[in-house]
Each structure stands twice: as C-alpha cells, then as structure tokens.
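**Q** mmCIF, C-alpha atoms, saved as run.cif, coming up:
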```cif
data_upload
#
loop_
_atom_site.label_atom_id
_atom_site.label_comp_id
_atom_site.auth_asym_id
_atom_site.auth_seq_id
_atom_site.Cartn_x
_atom_site.Cartn_y
_atom_site.Cartn_z
CA MET A 87 52.04 -1.30 -48.54
CA LEU A 88 49.09 0.34 -46.83
CA THR A 89 49.57 -1.93 -43.82
CA LEU A 90 53.23 -0.97 -43.51
CA ASN A 91 52.41 2.72 -43.68
CA LEU A 92 49.73 2.39 -41.01
CA LYS A 93 52.03 0.41 -38.72
CA SER A 94 54.77 2.98 -39.25
CA LEU A 95 52.33 5.79 -38.42
CA ILE A 96 51.18 4.02 -35.24
CA GLY A 97 54.78 3.47 -34.19
CA ARG A 98 55.67 7.10 -34.72
CA ASP A 99 52.59 8.24 -32.81
CA CYS A 100 53.52 6.03 -29.87
CA ARG A 101 57.10 7.30 -29.91
CA PHE A 102 55.97 10.91 -29.99
CA ARG A 103 53.39 10.45 -27.24
CA LYS A 104 55.52 8.44 -24.85
CA PRO A 105 57.63 11.29 -23.44
CA ILE A 106 54.50 13.33 -22.69
CA GLY A 107 53.34 10.89 -20.03
CA GLY A 108 56.81 9.78 -19.04
CA LYS A 109 58.55 9.58 -15.70
CA ALA A 110 59.67 13.23 -15.77
CA SER A 111 56.14 14.66 -15.92
CA GLY A 112 54.88 12.13 -13.38
CA LEU A 113 57.69 13.00 -10.97
CA LYS A 114 57.00 16.71 -11.40
CA LEU A 115 53.32 16.19 -10.61
CA ASN A 116 54.18 14.10 -7.53
CA ILE A 117 56.50 16.83 -6.24
CA LYS A 118 53.76 19.41 -6.72
CA MET A 119 51.31 17.15 -4.86
CA ILE A 120 53.72 16.70 -1.95
CA LEU A 121 54.40 20.43 -1.69
CA ALA A 122 50.70 21.31 -1.94
CA PHE A 123 49.66 18.74 0.69
CA GLY A 124 52.56 19.86 2.90
CA ALA A 125 51.33 23.46 2.75
CA VAL A 126 47.72 22.47 3.51
CA TYR A 127 48.81 20.17 6.34
CA PHE A 128 51.46 22.19 8.14
CA ILE A 129 50.87 25.85 7.26
CA TRP A 130 47.14 25.66 7.91
CA GLY A 131 47.90 23.83 11.15
CA SER A 132 49.93 26.82 12.32
CA THR A 133 47.32 29.42 11.29
CA TYR A 134 45.02 28.58 14.21
CA LEU A 135 47.48 30.13 16.65
CA ALA A 136 48.19 32.99 14.22
CA ILE A 137 44.46 33.78 14.13
CA ARG A 138 44.32 33.83 17.93
CA PHE A 139 47.27 36.24 18.07
CA ALA A 140 45.82 38.43 15.30
CA ILE A 141 42.41 38.88 16.93
CA GLU A 142 43.98 39.93 20.24
CA THR A 143 43.95 43.55 19.04
CA ILE A 144 42.10 43.32 15.69
CA PRO A 145 38.34 42.54 15.52
CA PRO A 146 37.82 39.02 14.08
CA PHE A 147 35.54 39.74 11.11
CA PHE A 148 37.53 42.83 10.13
CA MET A 149 40.82 40.93 10.40
CA MET A 150 39.65 37.95 8.35
CA GLY A 151 37.96 40.21 5.80
CA CYS A 152 41.09 42.32 5.22
CA ARG A 153 43.21 39.17 5.11
CA SER A 154 41.08 37.56 2.41
CA LEU A 155 40.52 40.73 0.39
CA LEU A 156 44.20 41.70 0.29
CA ALA A 157 45.37 38.16 -0.48
CA GLY A 158 42.69 37.73 -3.15
CA GLY A 159 43.56 41.06 -4.77
CA ILE A 160 47.24 40.11 -4.98
CA LEU A 161 46.43 36.71 -6.54
CA TYR A 162 43.94 38.22 -8.99
CA ILE A 163 46.32 40.94 -10.20
CA TRP A 164 49.17 38.43 -10.48
CA ALA A 165 47.05 36.04 -12.56
CA ARG A 166 45.81 38.79 -14.88
CA LEU A 167 49.36 40.12 -15.39
CA ARG A 168 50.40 36.61 -16.41
CA GLY A 169 47.83 36.68 -19.20
CA GLU A 170 44.80 34.96 -17.69
CA GLU A 171 41.52 35.93 -19.35
CA ARG A 172 39.02 38.21 -17.65
CA PRO A 173 36.46 36.12 -15.68
CA GLN A 174 32.90 35.92 -16.95
CA PRO A 175 30.00 37.39 -14.89
CA THR A 176 28.70 33.88 -14.16
CA GLN A 177 32.11 32.93 -12.78
CA TRP A 178 32.04 35.95 -10.47
CA LEU A 179 28.61 34.83 -9.25
CA THR A 180 30.01 31.38 -8.49
CA ALA A 181 32.96 32.94 -6.69
CA ALA A 182 30.55 35.05 -4.61
CA VAL A 183 28.62 31.94 -3.50
CA LEU A 184 31.86 30.14 -2.65
CA GLY A 185 33.17 33.23 -0.86
CA VAL A 186 30.15 33.23 1.44
CA LEU A 187 30.39 29.48 2.13
CA LEU A 188 34.16 29.21 2.57
CA PHE A 189 35.06 32.53 4.17
CA VAL A 190 32.02 34.26 5.64
CA GLY A 191 30.69 30.98 7.01
CA GLY A 192 33.94 29.04 7.45
CA HIS A 193 36.63 31.57 8.36
CA GLY A 194 34.20 34.01 9.95
CA ALA A 195 32.96 31.36 12.37
CA LEU A 196 36.52 30.26 13.09
CA ALA A 197 37.80 33.76 13.84
CA TRP A 198 34.83 34.64 16.06
CA SER A 199 34.96 31.39 18.01
CA GLU A 200 38.67 31.73 18.77
CA GLN A 201 37.73 34.59 21.09
CA VAL A 202 36.28 31.99 23.47
CA VAL A 203 38.07 28.73 22.60
CA SER A 204 41.77 27.88 22.24
CA SER A 205 43.45 27.40 18.86
CA GLY A 206 43.98 23.68 19.55
CA VAL A 207 40.29 23.15 20.33
CA ALA A 208 39.36 25.12 17.21
CA ALA A 209 41.54 22.82 15.11
CA LEU A 210 40.01 19.74 16.69
CA MET A 211 36.48 20.94 16.00
CA SER A 212 37.49 21.70 12.43
CA ALA A 213 38.54 18.05 12.12
CA THR A 214 34.86 17.22 11.60
CA THR A 215 35.12 18.75 8.09
CA PRO A 216 35.82 15.42 6.35
CA ILE A 217 32.80 13.90 8.11
CA TRP A 218 30.56 16.56 6.59
CA MET A 219 32.24 16.11 3.21
CA ILE A 220 31.72 12.36 3.15
CA LEU A 221 28.06 12.77 4.08
CA LEU A 222 27.52 15.48 1.46
CA GLN A 223 29.20 13.46 -1.26
CA ALA A 224 27.23 10.36 -0.33
CA LEU A 225 23.92 12.25 -0.35
CA LEU A 226 24.49 14.56 -3.31
CA HIS A 227 26.87 12.73 -5.64
CA HIS A 228 26.56 9.11 -4.45
CA ASP A 229 30.32 8.58 -4.84
CA ASN A 230 31.15 7.72 -1.23
CA PRO A 231 28.87 4.92 0.04
CA LEU A 232 28.10 4.74 3.76
CA THR A 233 29.82 1.42 4.47
CA GLY A 234 30.43 -0.07 7.90
CA ARG A 235 33.89 1.45 8.01
CA VAL A 236 32.51 4.89 7.23
CA ILE A 237 29.81 4.56 9.90
CA ILE A 238 32.39 3.53 12.51
CA GLY A 239 34.44 6.56 11.55
CA LEU A 240 31.42 8.84 11.86
CA VAL A 241 30.57 7.48 15.31
CA SER A 242 34.15 7.82 16.52
CA GLY A 243 34.47 11.37 15.19
CA PHE A 244 31.11 12.44 16.59
CA PHE A 245 31.90 11.01 20.01
CA GLY A 246 35.15 12.94 19.96
CA VAL A 247 33.27 16.17 19.31
CA VAL A 248 30.79 15.44 22.12
CA LEU A 249 33.64 14.66 24.50
CA LEU A 250 35.47 17.84 23.53
CA ALA A 251 32.46 20.15 23.92
CA GLU A 252 31.20 18.67 27.22
CA PRO A 253 31.18 21.63 29.62
CA SER A 254 31.89 19.55 32.72
CA LYS A 255 35.42 18.60 33.63
CA VAL A 256 35.91 15.32 31.82
CA LEU A 257 39.15 13.37 32.28
CA GLY A 258 40.70 16.32 34.09
CA GLY A 259 40.27 18.81 31.24
CA LEU A 260 38.90 22.33 31.29
CA PRO A 261 35.37 23.18 30.08
CA VAL A 262 34.87 24.29 26.47
CA ASP A 263 32.47 27.11 25.62
CA LEU A 264 29.37 25.50 24.07
CA ILE A 265 28.43 28.54 21.97
CA GLY A 266 31.93 28.74 20.56
CA ALA A 267 31.88 25.01 19.78
CA SER A 268 28.49 25.31 18.06
CA VAL A 269 29.65 28.23 15.91
CA LEU A 270 32.72 26.22 14.95
CA LEU A 271 30.60 23.25 13.87
CA PHE A 272 28.45 25.55 11.74
CA GLY A 273 31.62 26.94 10.17
CA THR A 274 32.95 23.49 9.32
CA LEU A 275 29.64 22.57 7.68
CA SER A 276 29.66 25.78 5.64
CA TRP A 277 33.26 25.17 4.53
CA SER A 278 32.45 21.56 3.62
CA VAL A 279 29.53 22.58 1.41
CA GLY A 280 31.78 25.05 -0.39
CA ALA A 281 34.62 22.54 -0.78
CA VAL A 282 32.32 19.92 -2.32
CA TYR A 283 30.73 22.54 -4.59
CA VAL A 284 34.04 24.00 -5.83
CA LYS A 285 35.09 20.69 -7.40
CA ASN A 286 32.76 21.17 -10.40
CA ALA A 287 32.00 24.87 -10.00
CA ASN A 288 32.03 27.29 -12.92
CA LEU A 289 35.40 28.93 -12.21
CA PRO A 290 38.43 29.83 -14.33
CA LYS A 291 40.83 26.96 -15.04
CA SER A 292 43.68 28.86 -13.40
CA SER A 293 43.85 27.91 -9.71
CA THR A 294 45.55 31.24 -8.95
CA LEU A 295 42.79 33.27 -10.58
CA ALA A 296 40.02 31.14 -9.04
CA ALA A 297 41.55 31.40 -5.56
CA GLY A 298 41.90 35.17 -5.94
CA MET A 299 38.26 35.58 -6.94
CA ASN A 300 37.01 33.42 -4.05
CA LEU A 301 39.18 35.28 -1.54
CA MET A 302 38.10 38.71 -2.79
CA CYS A 303 34.40 37.83 -2.64
CA GLY A 304 34.76 36.20 0.76
CA GLY A 305 36.78 39.14 2.09
CA GLY A 306 34.12 41.59 0.92
CA GLY A 307 31.42 39.54 2.65
CA LEU A 308 33.41 39.45 5.90
CA LEU A 309 33.92 43.20 5.85
CA ILE A 310 30.16 43.68 5.40
CA LEU A 311 29.63 41.35 8.36
CA SER A 312 32.16 43.41 10.33
CA LEU A 313 30.22 46.57 9.54
CA LEU A 314 26.91 44.98 10.54
CA SER A 315 28.50 43.77 13.78
CA SER A 316 29.62 47.32 14.60
CA GLU A 317 33.24 46.29 14.99
CA THR A 318 35.56 49.20 15.73
CA VAL A 319 39.21 49.27 14.74
CA ALA A 320 41.84 51.41 16.46
CA LEU A 321 45.03 51.14 14.41
CA THR A 322 47.11 52.66 17.20
CA SER A 323 46.12 49.80 19.52
CA VAL A 324 47.18 47.01 17.14
CA SER A 325 50.07 45.13 18.71
CA LEU A 326 53.19 44.03 16.86
CA ARG A 327 52.31 40.38 17.47
CA SER A 328 48.84 40.84 15.97
CA LEU A 329 50.27 42.67 12.95
CA ALA A 330 52.92 40.00 12.33
CA SER A 331 50.30 37.25 12.62
CA PHE A 332 48.02 39.15 10.23
CA LEU A 333 50.78 39.40 7.60
CA TYR A 334 51.62 35.71 8.09
CA LEU A 335 47.97 34.79 7.49
CA ILE A 336 47.89 36.82 4.26
CA ALA A 337 51.15 35.49 2.79
CA PHE A 338 51.14 31.89 3.96
CA GLY A 339 47.62 31.06 5.11
CA SER A 340 45.82 32.58 2.09
CA ILE A 341 48.09 33.30 -0.89
CA ILE A 342 50.15 30.11 -0.74
CA THR A 343 47.96 27.57 1.00
CA PHE A 344 44.51 28.43 -0.35
CA THR A 345 45.86 28.40 -3.91
CA ALA A 346 47.35 24.97 -3.20
CA TYR A 347 44.00 23.87 -1.73
CA ILE A 348 42.03 24.87 -4.84
CA TRP A 349 44.61 23.16 -7.07
CA LEU A 350 44.45 19.94 -5.02
CA ILE A 351 40.65 19.81 -5.12
CA LYS A 352 40.75 20.00 -8.92
CA LYS A 353 43.51 17.37 -9.16
CA THR A 354 42.20 14.91 -6.55
CA SER A 355 38.90 14.94 -4.62
CA PRO A 356 37.42 17.00 -1.76
CA ALA A 357 37.55 13.96 0.54
CA GLN A 358 41.25 13.37 -0.09
CA VAL A 359 42.14 17.03 0.36
CA SER A 360 40.14 17.10 3.59
CA THR A 361 42.73 14.79 5.18
CA HIS A 362 44.38 18.02 6.31
CA ALA A 363 41.68 18.16 8.96
CA PHE A 364 43.24 15.37 11.01
CA VAL A 365 46.83 16.63 10.53
CA ASN A 366 46.04 20.28 11.34
CA PRO A 367 44.90 19.54 14.93
CA VAL A 368 48.18 17.84 15.78
CA ILE A 369 50.19 20.74 14.35
CA ALA A 370 47.90 23.33 15.95
CA ILE A 371 48.07 21.70 19.38
CA LEU A 372 51.87 21.41 19.25
CA VAL A 373 52.28 25.00 18.04
CA GLY A 374 49.76 26.27 20.61
CA TRP A 375 51.54 24.36 23.35
CA LEU A 376 55.04 25.46 22.33
CA ALA A 377 54.38 29.07 21.29
CA GLY A 378 51.02 29.97 22.80
CA GLY A 379 51.23 28.49 26.27
CA GLU A 380 48.05 26.43 25.72
CA PRO A 381 47.58 23.35 27.94
CA LEU A 382 47.75 19.70 26.87
CA SER A 383 45.10 18.06 29.05
CA PRO A 384 44.24 14.33 29.02
CA ARG A 385 40.83 15.21 27.57
CA ILE A 386 42.42 17.00 24.60
CA ILE A 387 44.75 14.08 23.94
CA THR A 388 41.90 11.54 24.18
CA THR A 389 39.71 13.60 21.90
CA THR A 390 42.56 13.95 19.41
CA LEU A 391 42.92 10.18 19.15
CA LEU A 392 39.18 9.62 18.73
CA MET A 393 38.76 12.24 16.04
CA VAL A 394 41.88 11.22 14.15
CA ILE A 395 40.75 7.57 14.14
CA GLY A 396 37.25 8.51 13.00
CA VAL A 397 38.26 10.89 10.26
CA ALA A 398 41.08 8.64 9.01
CA ALA A 399 38.70 5.69 8.75
CA ILE A 400 36.35 7.71 6.60
CA VAL A 401 38.78 9.48 4.32
CA THR A 402 41.06 6.54 3.59
CA GLN A 403 38.11 4.65 2.09
CA ASN A 404 37.58 6.03 -1.37
CA PRO A 405 36.91 3.02 -3.59
CA THR A 406 35.01 4.85 -6.30
CA THR A 407 37.99 6.92 -7.40
CA GLN A 408 40.11 3.84 -8.02
CA SER A 409 37.29 1.94 -9.67
CA SER A 410 36.58 4.87 -11.95
CA MET A 411 40.24 5.02 -12.95
CA ASP A 412 40.26 1.29 -13.57
CA LYS A 413 37.19 1.58 -15.77
CA LEU A 414 38.77 4.45 -17.67
CA LYS A 415 41.99 2.53 -18.24
CA HIS A 416 40.01 -0.57 -19.21
CA GLY A 417 37.97 1.46 -21.65
CA LYS A 418 41.12 2.88 -23.22
CA THR A 419 42.59 -0.61 -23.56
CA ILE A 420 39.48 -1.87 -25.30
CA SER A 421 39.46 1.14 -27.62
CA ASN A 422 43.10 0.57 -28.55
CA LYS A 423 42.43 -3.11 -29.29
CA LYS A 424 39.48 -2.18 -31.48
CA LEU A 425 41.62 0.34 -33.37
CA LEU A 426 44.35 -2.22 -34.03
CA LYS A 427 41.75 -4.74 -35.13
CA ARG A 428 40.26 -2.29 -37.60
CA LEU A 429 43.67 -1.35 -38.94
CA SER A 430 44.53 -5.03 -39.39
CA SER A 431 41.39 -5.48 -41.47
CA LEU A 432 42.82 -3.06 -44.02
CA LYS A 433 45.45 -5.61 -45.08
#
```
Kindly return the structure encoded in the file as structure tokens.
**A**
Amino acid sequence: MLTLNLKSLIGRDCRFRKPIGGKASGLKLNIKMILAFGAVYFIWGSTYLAIRFAIETIPPFFMMGCRSLLAGGILYIWARLRGEERPQPTQWLTAAVLGVLLFVGGHGALAWSEQVVSSGVAALMSATTPIWMILLQALLHHDNPLTGRVIIGLVSGFFGVVLLAEPSKVLGGLPVDLIGASVLLFGTLSWSVGAVYVKNANLPKSSTLAAGMNLMCGGGGLLILSLLSSETVALTSVSLRSLASFLYLIAFGSIITFTAYIWLIKKTSPAQVSTHAFVNPVIAILVGWLAGGEPLSPRIITTTLLMVIGVAAIVTQNPTTQSSMDKLKHGKTISNKKLLKRLSSLK
C-alpha cells in the first residue's frame, strides 16, 4: 500500500512539473533570445553612425553622459514603479564600478575616438572585444582554455587590428588615426572587463533595474569627465540631425539594447553575447556607407574578413558550457535513479 501511494505521488509530481518546462516556455525563451540578440546585433551596429552624427554639434563626453543618465533614470523609475525593491548600498557600489568600466571607459573612449575615425572603423576596432573577453575568462575564471583554435583566432584578429591601424596606405585604403585607434582599443578592454565582471556581480535580479543603475552611474561619471575636459555646450548650435541621433541613442541604443545585453549575459555567457562584435562591424559599415557617405576601401573589406574570422573562431568554441550542462543533467539523472531506488526499498 505504501509503495502504491509513493508511486502515485511520484506520478502526480511528474504530471504537475511537466508543463513548467514544456515546449511553450522553451519557445517563449527562444523568442526572447532571438529578439535580444537581434537588438544587440543590429541596433548596436547602427549606433556607431548615430554617435558620429550626435557628436557633430554635441561634445562627446557630454552627449554620452546625458544619454546614459537619461536612459538609466527612465529604466530605474520604470523598474521601481513595477514593484522592484530598492537596491542595497553594496549594489550601488557595484553599479558604480561597472558604470566606470562600461561607460566612462567603453562608451567614453568610443565617443571621443569617433571625432577622428569613421563609424565603420570604430566598429571594426570594437570587434576585438571578444578577444579580450576570452583572454580574461581564461586567465581569471579558467573556463575558456587557450586551444589551438583560439590562438589562431587571436592571431587573425590581432593582425586585422594591425592592418586597420597602419597609418600608411595599405591595399589602397586611407590612413587611420593611431591615437584614435589606441583609445578605441583601451575602450574595448575596459568594456570587456566590465562585461566579464557583470556576470556574477552583486546586482538586482531585475535586468531592467540593473541596467538602469549601471547607466545612471556611468552617465554621472561621463558628465564629470565632460566637466574636467572643459567641454562647452551651446544648445542653440545643436543641429536637428544631432538631436535626432541623440534621442535614437537613448531610446534604442541604451534603453532597449543595453537592457537586452544585461539579460543575455545573465542567461548565457559573456563570450556568447560578445558575438555581436563581429556582426556590428558589418551593420555599421553598411549603414555608414549607405547613410553616412563613408568609403568602402579594399583595406576595410580585408580587415573585416580577418577580424570576423578571428573572432568567430574564438567565440564559437565554448566547450565548457556544454560540458557543464552535461554534467548537471547527468547529476540529475543519477539523483533521480537513487531516489527511485530508495523508494523501491520501502516495499
């Protein structure tokens, strides 16, 4: 009798639990993943040209600071109105560190450098982000081993950067400002450190609230940097194109896409999310060519191929994630077998 009751209980538990992990929830998660990756790939690819248009009549640090602060404030207020708990002081401290790494270092370097380099070149230089991420994860977390495939990818990506930043006319292309390229590389390293750190950082569970906090802290840091740089803003001289680009960056580049980025990092891994870095250059170059009148030289095309090959080779190799999932599933299977064995012993 006891055996029958236990078997009945197990059967009911399985029936109740089955719909929770069914096809409907899995399909919903897949749709969210596709939409989030689509935003990170395509919207962020278009923001490089929007940044160039915005800083035509708005100082770069001031523009990026206002963009981040306004977007972060909107996200924070929205999350709190929806019932999210007030963040703890330690979480604000974490957000401040991430704000400096992601926005003061990452976006600040990007905005400043686009005064001297084109949006397509900026996107290509930013394609080194996954390279930094793989190296940081291998050194700090030991979850991405430096295999032969990874090394080949690093060499290919690095050679692409060298080819891009070479000031002489290589393959018929135009020279790229070395200082601008160096600042961009520093920015990608700063962003990569922040992206790897945010995975396990002490932040609220809500991606909306966490994104808002990071944006607000980063925006405040950028405005301080603007003040220290003695940037002057004349509102009457702001063009309509700069204003439209600024609003586009707030709504699409920050509110929508950065929230999706934080959500993806928590659901997947920094290395997988960083695949946007080899899709963004293609989008940025096409948008810059079509809407910004930027040239498509043979050097840019060659560099694009090299960097895409290098970054793709690195990011597509992520064996530890799958092996960890396999171990987890295997562990659950063993646990279930042990449970059934123990229940059978009650006969």
**Q** Using only C-alpha atoms, can you tell me which of A:Val190, A:Ala157, A:Leu333, A:Val207 comes closest to Gly273 of chain A?
**A**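 Of the candidates, the smallest distance to Gly273 of chain A is held by A:Val190.
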**Q** Using only C-alpha atoms, pick whichever of A:Gly298, A:Gly396, A:Gly159, A:Gly304 has the shortest atom-to-atom distance to Ala213 of chain A.
**A**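 Smallest separation from Ala213 of chain A among the options: A:Gly396.
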**Q** For a cutoff of 9 Å around the file-coordinate point (31.2, 24.8, 5.5), which residues qualify once you count only C-alpha atoms? I'd like the result as a list in words.
**A** Leu187, Leu188, Phe189, Gly191, Gly192, Thr215, Trp218, Leu271, Phe272, Gly273, Thr274, Leu275, Ser276, Trp277, Ser278, Val279, Gly280 and Ala281 of chain A
**Q** Using the chain letters and numbering of this document, enumerate as a PyMOL selection string the residues selected by the PyMOL selection byres ((chain A and resi 337-340) around 10).
**A** chain A and resi 125-126+129-134+136-137+153-158+160-161+297-298+301+332-336+341-347
**Q** What residues come out when you apply the PyMOL selection byres ((chain A and resi 360) around 10) to this file, written as a tab-separated table (two decimals) with C-alpha atoms, in the coordinates of the input?
**A**
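Output file out_0.tsv is given in full below:
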```
chain	number	residue	atom	x	y	z
A	126	VAL	CA	47.72	22.47	3.51
A	127	TYR	CA	48.81	20.17	6.34
A	213	ALA	CA	38.54	18.05	12.12
A	214	THR	CA	34.86	17.22	11.60
A	215	THR	CA	35.12	18.75	8.09
A	216	PRO	CA	35.82	15.42	6.35
A	217	ILE	CA	32.80	13.90	8.11
A	219	MET	CA	32.24	16.11	3.21
A	220	ILE	CA	31.72	12.36	3.15
A	278	SER	CA	32.45	21.56	3.62
A	281	ALA	CA	34.62	22.54	-0.78
A	347	TYR	CA	44.00	23.87	-1.73
A	351	ILE	CA	40.65	19.81	-5.12
A	355	SER	CA	38.90	14.94	-4.62
A	356	PRO	CA	37.42	17.00	-1.76
A	357	ALA	CA	37.55	13.96	0.54
A	358	GLN	CA	41.25	13.37	-0.09
A	359	VAL	CA	42.14	17.03	0.36
A	361	THR	CA	42.73	14.79	5.18
A	362	HIS	CA	44.38	18.02	6.31
A	363	ALA	CA	41.68	18.16	8.96
A	364	PHE	CA	43.24	15.37	11.01
A	365	VAL	CA	46.83	16.63	10.53
A	397	VAL	CA	38.26	10.89	10.26
A	401	VAL	CA	38.78	9.48	4.32
```
**Q** Once N, CA and C atoms are restored for segment 147-168 of chain A, what would the output be as an mmCIF file, in the frame of the given file?
**A**
```cif
data_model
loop_
_atom_site.group_PDB
_atom_site.id
_atom_site.type_symbol
_atom_site.label_atom_id
_atom_site.label_comp_id
_atom_site.auth_asym_id
_atom_site.auth_seq_id
_atom_site.Cartn_x
_atom_site.Cartn_y
_atom_site.Cartn_z
ATOM 1 N N PHE A 147 36.083 39.655 12.463
ATOM 2 C CA PHE A 147 35.540 39.740 11.110
ATOM 3 C C PHE A 147 36.336 40.730 10.250
ATOM 4 N N PHE A 148 36.747 41.842 10.856
ATOM 5 C CA PHE A 148 37.530 42.830 10.130
ATOM 6 C C PHE A 148 38.888 42.246 9.739
ATOM 7 N N MET A 149 39.511 41.521 10.664
ATOM 8 C CA MET A 149 40.820 40.930 10.400
ATOM 9 C C MET A 149 40.743 39.909 9.272
ATOM 10 N N MET A 150 39.768 38.992 9.365
ATOM 11 C CA MET A 150 39.650 37.950 8.350
ATOM 12 C C MET A 150 39.225 38.535 7.003
ATOM 13 N N GLY A 151 38.394 39.575 7.039
ATOM 14 C CA GLY A 151 37.960 40.210 5.800
ATOM 15 C C GLY A 151 39.117 40.882 5.082
ATOM 16 N N CYS A 152 39.925 41.653 5.818
ATOM 17 C CA CYS A 152 41.090 42.320 5.220
ATOM 18 C C CYS A 152 42.102 41.288 4.732
ATOM 19 N N ARG A 153 42.287 40.247 5.512
ATOM 20 C CA ARG A 153 43.210 39.170 5.110
ATOM 21 C C ARG A 153 42.809 38.583 3.776
ATOM 22 N N SER A 154 41.549 38.208 3.635
ATOM 23 C CA SER A 154 41.080 37.560 2.410
ATOM 24 C C SER A 154 41.063 38.535 1.233
ATOM 25 N N LEU A 155 40.617 39.761 1.481
ATOM 26 C CA LEU A 155 40.520 40.730 0.390
ATOM 27 C C LEU A 155 41.892 41.104 -0.155
ATOM 28 N N LEU A 156 42.855 41.342 0.726
ATOM 29 C CA LEU A 156 44.200 41.700 0.290
ATOM 30 C C LEU A 156 44.870 40.528 -0.432
ATOM 31 N N ALA A 157 44.773 39.327 0.152
ATOM 32 C CA ALA A 157 45.370 38.160 -0.480
ATOM 33 C C ALA A 157 44.725 37.870 -1.839
ATOM 34 N N GLY A 158 43.398 37.971 -1.898
ATOM 35 C CA GLY A 158 42.690 37.730 -3.150
ATOM 36 C C GLY A 158 43.048 38.744 -4.214
ATOM 37 N N GLY A 159 43.179 40.019 -3.812
ATOM 38 C CA GLY A 159 43.560 41.060 -4.770
ATOM 39 C C GLY A 159 44.939 40.814 -5.348
ATOM 40 N N ILE A 160 45.882 40.403 -4.506
ATOM 41 C CA ILE A 160 47.240 40.110 -4.980
ATOM 42 C C ILE A 160 47.227 38.951 -5.976
ATOM 43 N N LEU A 161 46.503 37.874 -5.643
ATOM 44 C CA LEU A 161 46.430 36.710 -6.540
ATOM 45 C C LEU A 161 45.747 37.067 -7.851
ATOM 46 N N TYR A 162 44.683 37.853 -7.789
ATOM 47 C CA TYR A 162 43.940 38.220 -8.990
ATOM 48 C C TYR A 162 44.808 39.061 -9.930
ATOM 49 N N ILE A 163 45.461 40.084 -9.384
ATOM 50 C CA ILE A 163 46.320 40.940 -10.200
ATOM 51 C C ILE A 163 47.471 40.141 -10.799
ATOM 52 N N TRP A 164 48.062 39.258 -10.001
ATOM 53 C CA TRP A 164 49.170 38.430 -10.480
ATOM 54 C C TRP A 164 48.723 37.534 -11.636
ATOM 55 N N ALA A 165 47.548 36.922 -11.505
ATOM 56 C CA ALA A 165 47.050 36.040 -12.560
ATOM 57 C C ALA A 165 46.742 36.817 -13.836
ATOM 58 N N ARG A 166 46.150 37.986 -13.692
ATOM 59 C CA ARG A 166 45.810 38.790 -14.880
ATOM 60 C C ARG A 166 47.074 39.311 -15.579
ATOM 61 N N LEU A 167 48.104 39.671 -14.805
ATOM 62 C CA LEU A 167 49.360 40.120 -15.390
ATOM 63 C C LEU A 167 50.061 38.994 -16.145
ATOM 64 N N ARG A 168 49.798 37.762 -15.733
ATOM 65 C CA ARG A 168 50.400 36.610 -16.410
ATOM 66 C C ARG A 168 49.613 36.204 -17.651
#
```
